[in-house]
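K.L.:
To be precise about what I am sending: the file is called work.tsv and holds TSV, C-alpha atoms.
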chain	number	residue	atom	x	y	z
A	1	MET	CA	35.46	24.92	14.84
A	2	LYS	CA	33.68	25.88	18.03
A	3	LYS	CA	33.70	23.09	20.61
A	4	GLN	CA	30.18	22.61	21.89
A	5	LYS	CA	29.13	21.87	25.45
A	6	LYS	CA	27.41	18.56	24.84
A	7	VAL	CA	25.88	16.39	27.53
A	8	LYS	CA	24.85	12.76	27.69
A	9	CYS	CA	21.66	11.87	29.53
A	10	LEU	CA	21.99	8.62	31.50
A	11	LEU	CA	18.38	8.26	32.60
A	12	CYS	CA	17.08	5.81	30.03
A	13	PRO	CA	18.64	3.40	27.55
A	14	LYS	CA	18.35	5.96	24.75
A	15	GLU	CA	21.18	7.93	26.40
A	16	CYS	CA	20.56	11.08	24.35
A	17	ILE	CA	23.62	13.08	23.44
A	18	LEU	CA	22.46	16.65	23.40
A	19	SER	CA	23.97	19.73	21.81
A	20	GLU	CA	23.33	23.09	23.38
A	21	TYR	CA	19.63	23.93	23.61
A	22	GLU	CA	18.62	20.59	22.26
A	23	HIS	CA	15.68	18.69	23.83
A	24	SER	CA	15.97	15.08	24.91
A	25	ASN	CA	14.00	12.43	23.09
A	26	CYS	CA	11.51	12.32	26.00
A	27	ARG	CA	11.05	16.12	25.66
A	28	GLY	CA	11.43	16.68	29.37
A	29	ARG	CA	15.13	17.61	29.40
A	30	ILE	CA	17.30	20.16	27.68
A	31	ASN	CA	20.98	21.04	27.52
A	32	ILE	CA	21.30	24.64	28.71
A	33	ASP	CA	24.88	25.86	28.33
A	34	GLY	CA	26.35	22.44	29.03
A	35	GLU	CA	24.10	21.52	31.96
A	36	LEU	CA	21.16	19.12	31.67
A	37	LYS	CA	17.97	20.65	33.02
A	38	THR	CA	14.54	19.21	33.53
A	39	LEU	CA	11.60	21.17	32.15
A	40	ASN	CA	8.72	19.31	33.73
A	41	TYR	CA	9.56	19.44	37.45
A	42	GLY	CA	6.42	20.54	39.26
A	43	TYR	CA	4.35	21.12	36.14
A	44	ALA	CA	1.50	18.63	36.34
A	45	CYS	CA	-0.60	18.54	33.19
A	46	SER	CA	-3.02	15.89	34.53
A	47	VAL	CA	-4.23	15.66	38.12
A	48	ASN	CA	-7.07	13.31	39.09
A	49	ILE	CA	-8.36	11.04	41.79
A	50	ASP	CA	-8.91	7.61	40.28
A	51	PRO	CA	-10.04	4.25	41.56
A	52	ILE	CA	-6.84	2.22	41.93
A	53	GLU	CA	-8.39	-0.41	39.64
A	54	LYS	CA	-7.99	2.08	36.78
A	55	LYS	CA	-4.18	1.90	36.86
A	56	PRO	CA	-4.83	-1.15	36.72
A	57	LEU	CA	-3.80	-2.53	40.11
A	58	PHE	CA	-6.11	-5.32	41.26
A	59	HIS	CA	-4.06	-6.73	44.14
A	60	PHE	CA	-2.92	-3.49	45.78
A	61	LEU	CA	-5.28	-1.74	48.22
A	62	PRO	CA	-8.41	-2.68	46.21
A	63	GLY	CA	-11.31	-0.29	46.35
A	64	THR	CA	-9.19	2.70	47.40
A	65	ARG	CA	-8.76	6.02	45.62
A	66	ILE	CA	-5.39	7.02	44.25
A	67	PHE	CA	-4.17	10.57	43.68
A	68	SER	CA	-2.84	10.52	40.12
A	69	ILE	CA	-0.50	12.97	38.43
A	70	ALA	CA	1.44	13.35	35.20
A	71	THR	CA	3.53	15.84	33.30
A	72	ALA	CA	4.11	15.99	29.55
A	73	GLY	CA	6.60	13.75	27.79
A	74	CYS	CA	7.57	10.12	27.30
A	75	ASN	CA	10.74	8.33	26.28
A	76	LEU	CA	8.81	5.88	24.10
A	77	HIS	CA	6.70	6.81	21.10
A	78	CYS	CA	4.18	4.00	20.80
A	79	LYS	CA	2.09	4.27	17.69
A	80	PHE	CA	-0.98	3.19	19.69
A	81	CYS	CA	-0.48	5.58	22.62
A	82	GLN	CA	-3.77	6.20	24.45
A	83	ASN	CA	-2.50	9.42	26.05
A	84	TRP	CA	-0.54	10.87	23.16
A	85	GLN	CA	-2.00	14.34	23.74
A	86	ILE	CA	0.30	14.67	26.74
A	87	SER	CA	2.94	11.99	26.26
A	88	GLN	CA	4.06	13.16	22.84
A	89	PHE	CA	4.36	16.85	23.65
A	90	SER	CA	6.86	19.02	25.47
A	91	PRO	CA	6.06	20.55	28.87
A	92	GLU	CA	5.92	24.03	27.30
A	93	GLU	CA	3.31	22.89	24.82
A	94	VAL	CA	0.61	21.65	27.17
A	95	ARG	CA	-1.57	23.31	29.80
A	96	TYR	CA	-0.24	22.64	33.26
A	97	THR	CA	-0.80	23.40	36.93
A	98	GLU	CA	2.25	24.23	38.98
A	99	MET	CA	2.25	21.69	41.83
A	100	LEU	CA	5.47	21.19	43.71
A	101	PRO	CA	6.02	17.81	45.44
A	102	ASP	CA	4.90	18.95	48.91
A	103	VAL	CA	1.69	20.37	47.43
A	104	VAL	CA	0.95	17.06	45.69
A	105	VAL	CA	1.44	15.14	48.94
A	106	ASN	CA	-0.66	17.58	50.99
A	107	GLU	CA	-3.46	17.40	48.42
A	108	ALA	CA	-3.40	13.60	48.53
A	109	LEU	CA	-3.52	13.70	52.34
A	110	SER	CA	-6.34	16.22	52.47
A	111	LEU	CA	-8.37	14.16	49.98
A	112	ASN	CA	-7.83	10.95	51.98
A	113	CYS	CA	-5.95	9.13	49.23
A	114	PRO	CA	-3.70	6.44	50.70
A	115	SER	CA	-1.51	6.38	47.60
A	116	ILE	CA	-0.16	8.52	44.75
A	117	ALA	CA	0.21	7.28	41.17
A	118	TYR	CA	2.76	8.64	38.72
A	119	THR	CA	0.89	7.74	35.61
A	120	TYR	CA	-0.87	8.73	32.34
A	121	SER	CA	2.29	9.70	30.43
A	122	GLU	CA	5.62	8.25	31.67
A	123	PRO	CA	7.04	8.91	35.16
A	124	ILE	CA	10.55	8.19	33.89
A	125	ALA	CA	10.25	11.30	31.71
A	126	TYR	CA	9.57	13.33	34.90
A	127	TYR	CA	11.97	11.36	37.03
A	128	GLU	CA	13.09	14.06	39.49
A	129	TYR	CA	9.50	15.17	40.14
A	130	THR	CA	8.44	11.56	40.77
A	131	LEU	CA	11.42	10.91	43.04
A	132	ASP	CA	11.03	14.02	45.20
A	133	THR	CA	7.25	13.61	45.51
A	134	SER	CA	7.62	9.92	46.39
A	135	ARG	CA	10.20	10.69	49.09
A	136	ILE	CA	7.92	13.23	50.78
A	137	ALA	CA	4.89	10.95	50.38
A	138	LYS	CA	6.71	8.02	51.97
A	139	GLU	CA	7.71	10.19	54.96
A	140	LYS	CA	4.05	11.06	55.43
A	141	GLY	CA	2.81	7.47	55.16
A	142	ILE	CA	1.43	7.65	51.63
A	143	ARG	CA	2.29	4.83	49.25
A	144	ASN	CA	3.68	5.39	45.78
A	145	VAL	CA	2.65	3.66	42.59
A	146	LEU	CA	4.56	3.78	39.34
A	147	VAL	CA	2.57	3.21	36.15
A	148	THR	CA	5.32	2.89	33.62
A	149	ALA	CA	6.71	1.27	30.51
A	150	GLY	CA	9.83	0.48	32.54
A	151	TYR	CA	12.26	1.81	29.93
A	152	ILE	CA	14.94	3.10	32.27
A	153	ASN	CA	18.60	2.51	33.12
A	154	GLU	CA	19.52	0.46	36.17
A	155	ALA	CA	21.04	3.15	38.40
A	156	PRO	CA	18.13	5.61	38.24
A	157	LEU	CA	15.64	2.75	38.61
A	158	LYS	CA	17.36	1.45	41.74
A	159	GLU	CA	17.35	4.95	43.24
A	160	LEU	CA	13.67	5.49	42.47
A	161	ILE	CA	12.28	2.17	43.65
A	162	LYS	CA	13.63	2.74	47.15
A	163	VAL	CA	10.53	4.90	47.65
A	164	ILE	CA	8.04	3.10	45.39
A	165	ASP	CA	5.61	0.51	46.75
A	166	ALA	CA	3.94	-0.88	43.66
A	167	THR	CA	4.08	-0.73	39.90
A	168	ASN	CA	1.97	-1.55	36.95
A	169	THR	CA	4.49	-2.00	34.19
A	170	ASP	CA	3.58	-2.32	30.54
A	171	LEU	CA	5.15	-5.33	28.91
A	172	LYS	CA	4.06	-4.31	25.45
A	173	ALA	CA	5.12	-7.53	23.73
A	174	PHE	CA	7.75	-10.19	24.11
A	175	SER	CA	9.52	-9.11	20.95
A	176	ASP	CA	12.40	-6.74	20.44
A	177	ASP	CA	11.24	-6.06	16.87
A	178	TYR	CA	7.85	-4.96	18.18
A	179	TYR	CA	9.50	-2.60	20.66
A	180	ARG	CA	11.72	-1.15	17.94
A	181	GLU	CA	9.08	-0.79	15.24
A	182	ILE	CA	5.97	0.12	17.22
A	183	CYS	CA	7.33	1.77	20.38
A	184	ASP	CA	10.73	3.22	19.45
A	185	GLY	CA	12.40	1.27	22.25
A	186	THR	CA	13.94	-2.10	23.02
A	187	LEU	CA	12.77	-5.08	25.06
A	188	GLU	CA	15.81	-6.02	27.13
A	189	PRO	CA	15.89	-2.98	29.51
A	190	VAL	CA	12.21	-3.51	30.33
A	191	LEU	CA	12.79	-7.14	31.30
A	192	LYS	CA	15.86	-6.20	33.31
A	193	GLY	CA	13.90	-3.45	35.07
A	194	LEU	CA	11.11	-5.86	36.00
A	195	GLU	CA	13.62	-8.27	37.52
A	196	ILE	CA	15.19	-5.46	39.54
A	197	MET	CA	11.78	-4.38	40.81
A	198	ARG	CA	10.95	-7.95	41.79
A	199	ASP	CA	14.30	-8.30	43.61
A	200	GLU	CA	13.60	-5.10	45.54
A	201	GLY	CA	10.24	-6.43	46.69
A	202	LEU	CA	7.89	-4.06	44.84
A	203	TRP	CA	4.38	-5.26	44.24
A	204	ILE	CA	4.27	-5.80	40.46
A	205	GLU	CA	1.36	-6.13	38.08
A	206	ILE	CA	1.84	-6.33	34.33
A	207	THR	CA	-0.27	-4.95	31.51
A	208	ASN	CA	-0.08	-6.31	27.99
A	209	LEU	CA	-2.08	-4.28	25.47
A	210	ILE	CA	-3.08	-6.68	22.73
A	211	LEU	CA	-3.17	-5.24	19.23
A	212	PRO	CA	-4.84	-7.19	16.41
A	213	THR	CA	-2.24	-8.67	14.03
A	214	LEU	CA	0.75	-7.15	15.84
A	215	ASN	CA	1.11	-9.06	19.13
A	216	ASP	CA	-1.97	-11.27	19.34
A	217	SER	CA	-0.65	-14.66	18.22
A	218	ASP	CA	-0.63	-17.65	20.56
A	219	ASP	CA	3.14	-17.72	20.28
A	220	ASP	CA	3.46	-14.05	21.36
A	221	ILE	CA	1.29	-14.63	24.42
A	222	ILE	CA	2.92	-17.94	25.36
A	223	LYS	CA	6.42	-16.41	25.27
A	224	LEU	CA	5.31	-13.46	27.38
A	225	CYS	CA	3.59	-15.65	29.99
A	226	ARG	CA	6.47	-18.11	30.17
A	227	TRP	CA	8.91	-15.30	30.84
A	228	ILE	CA	6.69	-13.83	33.56
A	229	VAL	CA	6.13	-17.19	35.27
A	230	GLY	CA	9.80	-18.18	34.96
A	231	ASN	CA	11.39	-14.87	35.95
A	232	LEU	CA	8.94	-12.97	38.12
A	233	GLY	CA	6.63	-15.61	39.53
A	234	LYS	CA	3.30	-17.16	38.75
A	235	ASP	CA	1.49	-14.99	41.30
A	236	ILE	CA	2.17	-11.77	39.32
A	237	PRO	CA	-1.18	-10.49	37.98
A	238	VAL	CA	-1.25	-10.04	34.21
A	239	HIS	CA	-3.79	-7.73	32.58
A	240	PHE	CA	-4.56	-8.34	28.91
A	241	SER	CA	-5.96	-5.04	27.80
A	242	ARG	CA	-8.15	-4.23	24.84
A	243	PHE	CA	-6.79	-1.87	22.21
A	244	TYR	CA	-8.98	0.87	20.76
A	245	PRO	CA	-7.88	2.62	17.53
A	246	MET	CA	-5.79	5.59	18.60
A	247	TYR	CA	-3.02	8.00	17.58
A	248	LYS	CA	-1.14	6.51	14.61
A	249	LEU	CA	-2.90	3.14	14.58
A	250	THR	CA	-6.42	4.14	13.66
A	251	ASN	CA	-6.25	1.66	10.77
A	252	LEU	CA	-6.54	-1.30	13.15
A	253	PRO	CA	-9.86	-2.50	14.60
A	254	PRO	CA	-10.42	-2.79	18.37
A	255	THR	CA	-9.16	-6.07	19.80
A	256	PRO	CA	-11.91	-8.70	19.61
A	257	THR	CA	-13.15	-9.98	22.96
A	258	SER	CA	-12.38	-13.53	21.79
A	259	THR	CA	-8.66	-12.62	21.45
A	260	LEU	CA	-8.54	-11.39	25.03
A	261	ASP	CA	-10.36	-14.49	26.26
A	262	ARG	CA	-7.84	-16.63	24.38
A	263	ALA	CA	-4.92	-14.68	25.91
A	264	ARG	CA	-6.37	-15.17	29.39
A	265	ASP	CA	-6.87	-18.91	28.80
A	266	ILE	CA	-3.30	-19.28	27.52
A	267	ALA	CA	-1.93	-17.39	30.54
A	268	ILE	CA	-3.81	-19.63	32.96
A	269	SER	CA	-2.66	-22.76	31.14
A	270	GLU	CA	0.93	-21.45	31.32
A	271	GLY	CA	0.66	-21.14	35.09
A	272	VAL	CA	-0.27	-17.46	35.57
A	273	MET	CA	-2.48	-17.48	38.67
A	274	PHE	CA	-4.18	-14.14	38.12
A	275	ALA	CA	-4.90	-13.31	34.49
A	276	TYR	CA	-7.32	-10.47	33.78
A	277	VAL	CA	-9.08	-8.96	30.81
A	278	GLY	CA	-9.09	-5.18	30.72
A	279	ASN	CA	-10.94	-2.37	28.90
A	280	ILE	CA	-14.08	-4.49	28.46
A	281	PRO	CA	-16.58	-3.31	31.07
A	282	GLY	CA	-18.55	-6.10	32.71
A	283	HIS	CA	-16.33	-8.91	31.43
A	284	PRO	CA	-16.01	-11.78	33.95
A	285	GLY	CA	-12.26	-11.67	33.29
A	286	GLU	CA	-12.16	-8.54	35.48
A	287	ASN	CA	-12.90	-10.62	38.59
A	288	THR	CA	-10.41	-12.33	40.89
A	289	TYR	CA	-10.91	-16.05	41.45
A	290	CYS	CA	-9.06	-18.33	43.85
A	291	PRO	CA	-6.43	-20.20	41.78
A	292	LYS	CA	-7.01	-23.32	43.92
A	293	CYS	CA	-10.79	-23.68	44.44
A	294	LYS	CA	-12.04	-21.14	41.83
A	295	THR	CA	-14.17	-19.27	44.40
A	296	LEU	CA	-15.08	-15.72	43.36
A	297	LEU	CA	-12.92	-13.49	45.54
A	298	ILE	CA	-13.31	-9.97	44.13
A	299	GLU	CA	-16.12	-9.01	41.79
A	300	ARG	CA	-15.45	-5.86	39.77
A	301	GLN	CA	-17.66	-3.72	37.58
A	302	ILE	CA	-15.56	-1.41	35.37
A	303	TYR	CA	-13.30	0.20	38.01
A	304	PHE	CA	-15.46	-0.50	41.02
A	305	ILE	CA	-15.58	-3.33	43.54
A	306	ARG	CA	-18.97	-5.01	43.93
A	307	GLN	CA	-17.79	-7.56	46.47
A	308	ASN	CA	-14.49	-8.41	48.10
A	309	ASN	CA	-14.47	-11.75	49.90
A	310	ILE	CA	-10.74	-11.95	50.67
A	311	ILE	CA	-10.11	-12.26	54.41
A	312	ASP	CA	-6.62	-11.40	55.67
A	313	GLY	CA	-5.18	-12.08	52.23
A	314	LYS	CA	-6.70	-15.56	52.04
A	315	CYS	CA	-9.48	-17.30	50.17
A	316	PRO	CA	-12.45	-17.61	52.56
A	317	ASN	CA	-13.27	-21.05	51.14
A	318	CYS	CA	-9.96	-22.94	51.05
A	319	GLY	CA	-7.58	-20.59	52.87
A	320	PHE	CA	-5.25	-20.23	49.86
A	321	ASP	CA	-2.87	-17.26	50.20
A	322	ILE	CA	-3.78	-14.61	47.63
A	323	SER	CA	-0.69	-12.55	46.74
A	324	GLY	CA	-1.04	-8.81	47.01
A	325	VAL	CA	-1.00	-5.82	49.34
A	326	TRP	CA	-4.41	-5.84	50.92
A	327	LYS	CA	-4.06	-3.18	53.62
B	1	MET	CA	58.87	23.00	-30.99
B	2	ARG	CA	60.80	24.01	-27.91
B	3	LYS	CA	58.55	27.07	-27.58
B	4	ILE	CA	55.38	24.92	-27.64
B	5	LYS	CA	56.81	22.60	-24.98
B	6	LEU	CA	57.66	25.57	-22.78
B	7	VAL	CA	54.18	27.06	-23.14
B	8	SER	CA	52.46	23.76	-22.34
B	9	SER	CA	54.68	23.22	-19.26
B	10	ILE	CA	53.90	26.70	-18.01
B	11	SER	CA	50.19	26.09	-18.66
B	12	ILE	CA	50.25	22.84	-16.68
B	13	ILE	CA	52.05	24.52	-13.78
B	14	LEU	CA	49.56	27.39	-13.88
B	15	ILE	CA	46.57	25.00	-13.88
B	16	CYS	CA	48.05	23.11	-10.93
B	17	LEU	CA	48.63	26.34	-9.01
B	18	ILE	CA	45.07	27.48	-9.68
B	19	GLY	CA	43.76	24.08	-8.56
B	20	ILE	CA	45.74	24.20	-5.32
B	21	SER	CA	44.59	27.77	-4.62
B	22	VAL	CA	40.94	26.85	-5.21
B	23	TYR	CA	41.29	23.82	-2.91
B	24	ILE	CA	42.89	25.86	-0.11
B	25	TYR	CA	40.32	28.63	-0.48
B	26	SER	CA	37.35	26.27	-0.49
B	27	SER	CA	38.58	24.34	2.56
B	28	ILE	CA	38.98	27.54	4.57
B	29	HIS	CA	35.62	28.74	3.36
B	30	LYS	CA	33.96	25.38	4.13
B	31	LYS	CA	35.37	25.49	7.63
B	32	GLU	CA	33.95	28.97	8.05
B	33	ILE	CA	30.55	27.78	6.79
B	34	ASN	CA	30.57	24.81	9.21
B	35	LYS	CA	31.46	27.07	12.12
B	36	HIS	CA	28.85	29.60	11.10
B	37	CYS	CA	26.26	26.83	10.69
B	38	ILE	CA	26.79	25.46	14.19
B	39	GLU	CA	26.72	28.89	15.78
B	40	ARG	CA	23.57	29.80	13.92
B	41	GLN	CA	21.82	26.54	14.80
B	42	ILE	CA	22.61	26.95	18.49
B	43	LYS	CA	21.51	30.58	18.37
B	44	GLU	CA	18.23	29.64	16.69
B	45	ARG	CA	17.51	26.85	19.17
B	46	LYS	CA	18.38	29.13	22.07
B	47	ALA	CA	16.06	31.87	20.84
B	48	LYS	CA	13.26	29.40	20.21
B	49	PHE	CA	13.72	27.88	23.64
B	50	TYR	CA	13.66	31.22	25.46
B	51	ASP	CA	10.60	32.31	23.49
B	52	SER	CA	8.73	29.18	24.57
B	53	LEU	CA	9.97	29.63	28.12
B	54	GLU	CA	8.78	33.21	28.20
B	55	GLU	CA	5.37	32.04	27.02
B	56	SER	CA	5.06	29.05	29.34
B	57	LYS	CA	6.77	30.55	32.47
B	58	ILE	CA	8.48	27.22	33.09
B	59	LYS	CA	11.56	27.29	35.32
B	60	PRO	CA	14.13	24.65	34.31
B	61	ARG	CA	15.80	22.74	37.17
B	62	LYS	CA	18.98	20.73	37.27
B	63	ALA	CA	18.42	17.14	36.14
B	64	MET	CA	19.86	13.96	37.63
B	65	PHE	CA	21.78	11.19	35.85
B	66	TRP	CA	23.77	12.86	33.11
B	67	GLU	CA	27.38	13.62	32.31
B	68	GLU	CA	29.39	16.02	30.20
B	69	TYR	CA	29.94	14.43	26.85
B	70	GLU	CA	33.53	14.21	25.65
B	71	TYR	CA	33.78	14.06	21.92
B	72	GLU	CA	36.14	14.53	19.05
B	73	GLU	CA	35.66	17.68	17.05
B	74	ALA	CA	34.10	16.88	13.70
B	75	GLU	CA	36.58	16.69	10.88
B	76	GLU	CA	36.14	19.10	8.05
B	77	GLY	CA	33.30	18.00	5.82
B	78	GLU	CA	31.79	15.66	8.40
B	79	VAL	CA	28.31	16.13	9.78
B	80	PRO	CA	28.74	18.48	12.75
B	81	PHE	CA	25.89	17.06	14.91
B	82	VAL	CA	25.54	13.45	15.96
B	83	SER	CA	22.70	13.15	18.40
B	84	GLU	CA	19.87	10.97	19.60
B	85	GLY	CA	17.91	13.93	20.89
B	86	MET	CA	15.54	16.32	19.24
B	87	HIS	CA	16.67	19.46	17.47
B	88	THR	CA	13.23	20.95	17.73
B	89	LYS	CA	10.36	20.50	20.11
Starting from the coordinates I provided, produce the structure as structure tokens.
P.N.:
Amino acid sequence: MKKQKKVKCLLCPKECILSEYEHSNCRGRINIDGELKTLNYGYACSVNIDPIEKKPLFHFLPGTRIFSIATAGCNLHCKFCQNWQISQFSPEEVRYTEMLPDVVVNEALSLNCPSIAYTYSEPIAYYEYTLDTSRIAKEKGIRNVLVTAGYINEAPLKELIKVIDATNTDLKAFSDDYYREICDGTLEPVLKGLEIMRDEGLWIEITNLILPTLNDSDDDIIKLCRWIVGNLGKDIPVHFSRFYPMYKLTNLPPTPTSTLDRARDIAISEGVMFAYVGNIPGHPGENTYCPKCKTLLIERQIYFIRQNNIIDGKCPNCGFDISGVWK
Amino acid sequence: MRKIKLVSSISIILICLIGISVYIYSSIHKKEINKHCIERQIKERKAKFYDSLEESKIKPRKAMFWEEYEYEEAEEGEVPFVSEGMHTK
């Protein structure tokens, strides 16, 4: 029998073992004659300038614009994916613009964007592109933001976060069964990754997309908040985001506003200082309030800032330190 | 009586010999099929990949964080591929 030139990818916990000319589970990598190659390096399928609040990052350079890029592919396969048109396809299957890392950085500079986001699909699936772009950006004084599900092995994560300044990481649920059944992943590596990012001093915000009947019970939300408060800190902003029927979960209704309000109330009662409600334009849960004196600090309308009263990272009323990266 | 015994013994020996021959032949043939199967699958995937590459103009680059995978050759009759990846796009 012919001995094949197989390779084992060590990027994410799936650790795909690939026969010759076989694609990885994230679709971004392929075994070509016994060597693992990336197919998405430099092939951006989405390029936009977004308000940083869209990521969402509420405590990191608020009110600024962020140069945002993505390539095709993702190592998770969430049934509710909001960007499945790019995340669940291979790089060869989508329309792309060839943009090498130095071009991305120069574009961001010329458009006066103080930061670059690796977002929309999954930056772990285009790891080398993210890493090289981030290194160049950092040299030129641009900050890097990772919008990710955090499903990555320790070694590549540690290498990448040397050049990353902030992350919004999806903590999809505090249940391994949920990760396995709904997302085709596991919970433990995500938690481990978040702890590593905290230890390395990254600014972290967490998004929890709440799906009716799947992860919306009080118990689900309490467990998630307790873990965040106990392991990352109570000053980590948590965004409870509204689900809209999408991809393979069109049978579920949108998340009721009352569920998101309940999640926010539970988070605050569990000690989370900054709990937000997302995907509901005009909801007061989009605003930042001082955890001590309840003064309105940042008023937001959809992705835009209507007023920002924070002075030098402090509440103007009581002087309480508001965690974040403000300049 | 002795003649019948002799005939039945010869028949049994003959049946056994035929059985052994069939077994040997089928194992060799099966091995050939397995080998052919693997080669054909790789060839198909390779062709499909280069077609898509030709269409998309994508240039693959060397990836980080991987290793050559040491494995035992599949025993005869076992499934030749064990993988977490995707056989097709």
K.L.:
What separation in Å, quoted to one decimal, exists between atom CA of Thr169 of chain A and atom CA of Ala149 of chain A?
P.N.:
5.4 Å
K.L.:
Show me, as a PDB file with C-alpha atoms, in the coordinates of the input, the residues that have an atom within 10 Å of Trp66 of chain B when counting only C-alpha atoms, minus same-chain residues fewer than 5 positions from it.
P.N.:
ATOM      1  CA  VAL A   7      25.880  16.390  27.530  1.00  0.00           C
ATOM      2  CA  LYS A   8      24.850  12.760  27.690  1.00  0.00           C
ATOM      3  CA  CYS A   9      21.660  11.870  29.530  1.00  0.00           C
ATOM      4  CA  LEU A  10      21.990   8.620  31.500  1.00  0.00           C
ATOM      5  CA  LEU A  11      18.380   8.260  32.600  1.00  0.00           C
ATOM      6  CA  GLU A  15      21.180   7.930  26.400  1.00  0.00           C
ATOM      7  CA  CYS A  16      20.560  11.080  24.350  1.00  0.00           C
ATOM      8  CA  ILE A  17      23.620  13.080  23.440  1.00  0.00           C
ATOM      9  CA  GLU A  35      24.100  21.520  31.960  1.00  0.00           C
ATOM     10  CA  LEU A  36      21.160  19.120  31.670  1.00  0.00           C
ATOM     11  CA  LYS A  37      17.970  20.650  33.020  1.00  0.00           C
TER      12      LYS A  37
END
K.L.:
Tell me as a PDB file with C-alpha atoms, in the coordinates of the input which residues belonging to chain A come within 9 Å of chain B, counting all atoms listed in the file.
P.N.:
ATOM      1  CA  MET A   1      35.460  24.920  14.840  1.00  0.00           C
ATOM      2  CA  LYS A   2      33.680  25.880  18.030  1.00  0.00           C
ATOM      3  CA  LYS A   3      33.700  23.090  20.610  1.00  0.00           C
ATOM      4  CA  GLN A   4      30.180  22.610  21.890  1.00  0.00           C
ATOM      5  CA  LYS A   5      29.130  21.870  25.450  1.00  0.00           C
ATOM      6  CA  LYS A   6      27.410  18.560  24.840  1.00  0.00           C
ATOM      7  CA  VAL A   7      25.880  16.390  27.530  1.00  0.00           C
ATOM      8  CA  LYS A   8      24.850  12.760  27.690  1.00  0.00           C
ATOM      9  CA  CYS A   9      21.660  11.870  29.530  1.00  0.00           C
ATOM     10  CA  LEU A  10      21.990   8.620  31.500  1.00  0.00           C
ATOM     11  CA  LEU A  11      18.380   8.260  32.600  1.00  0.00           C
ATOM     12  CA  LYS A  14      18.350   5.960  24.750  1.00  0.00           C
ATOM     13  CA  GLU A  15      21.180   7.930  26.400  1.00  0.00           C
ATOM     14  CA  CYS A  16      20.560  11.080  24.350  1.00  0.00           C
ATOM     15  CA  ILE A  17      23.620  13.080  23.440  1.00  0.00           C
ATOM     16  CA  LEU A  18      22.460  16.650  23.400  1.00  0.00           C
ATOM     17  CA  SER A  19      23.970  19.730  21.810  1.00  0.00           C
ATOM     18  CA  GLU A  20      23.330  23.090  23.380  1.00  0.00           C
ATOM     19  CA  TYR A  21      19.630  23.930  23.610  1.00  0.00           C
ATOM     20  CA  GLU A  22      18.620  20.590  22.260  1.00  0.00           C
ATOM     21  CA  HIS A  23      15.680  18.690  23.830  1.00  0.00           C
ATOM     22  CA  SER A  24      15.970  15.080  24.910  1.00  0.00           C
ATOM     23  CA  ASN A  25      14.000  12.430  23.090  1.00  0.00           C
ATOM     24  CA  CYS A  26      11.510  12.320  26.000  1.00  0.00           C
ATOM     25  CA  ARG A  27      11.050  16.120  25.660  1.00  0.00           C
ATOM     26  CA  ARG A  29      15.130  17.610  29.400  1.00  0.00           C
ATOM     27  CA  ILE A  30      17.300  20.160  27.680  1.00  0.00           C
ATOM     28  CA  ILE A  32      21.300  24.640  28.710  1.00  0.00           C
ATOM     29  CA  GLY A  34      26.350  22.440  29.030  1.00  0.00           C
ATOM     30  CA  GLU A  35      24.100  21.520  31.960  1.00  0.00           C
ATOM     31  CA  LEU A  36      21.160  19.120  31.670  1.00  0.00           C
ATOM     32  CA  LYS A  37      17.970  20.650  33.020  1.00  0.00           C
ATOM     33  CA  THR A  38      14.540  19.210  33.530  1.00  0.00           C
ATOM     34  CA  LEU A  39      11.600  21.170  32.150  1.00  0.00           C
ATOM     35  CA  ASN A  40       8.720  19.310  33.730  1.00  0.00           C
ATOM     36  CA  TYR A  41       9.560  19.440  37.450  1.00  0.00           C
ATOM     37  CA  TYR A  43       4.350  21.120  36.140  1.00  0.00           C
ATOM     38  CA  PHE A  89       4.360  16.850  23.650  1.00  0.00           C
ATOM     39  CA  SER A  90       6.860  19.020  25.470  1.00  0.00           C
ATOM     40  CA  PRO A  91       6.060  20.550  28.870  1.00  0.00           C
ATOM     41  CA  GLU A  92       5.920  24.030  27.300  1.00  0.00           C
ATOM     42  CA  GLU A  93       3.310  22.890  24.820  1.00  0.00           C
ATOM     43  CA  VAL A  94       0.610  21.650  27.170  1.00  0.00           C
ATOM     44  CA  ARG A  95      -1.570  23.310  29.800  1.00  0.00           C
ATOM     45  CA  TYR A 127      11.970  11.360  37.030  1.00  0.00           C
ATOM     46  CA  GLU A 128      13.090  14.060  39.490  1.00  0.00           C
ATOM     47  CA  ALA A 155      21.040   3.150  38.400  1.00  0.00           C
ATOM     48  CA  PRO A 156      18.130   5.610  38.240  1.00  0.00           C
TER      49      PRO A 156
END
K.L.:
Please indicate the distance in Å from atom CA of Lys172 of chain A to atom CA of Lys192 of chain A, rounded to one decimal place.
P.N.:
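Taking atom CA of Lys172 of chain A as the start and atom CA of Lys192 of chain A as the end point, the length is 14.3 Å.
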K.L.:
Report, in Å to a single decimal, how far apart atom CA of Met273 of chain A and atom CA of Lys234 of chain A are.
P.N.:
5.8 Å
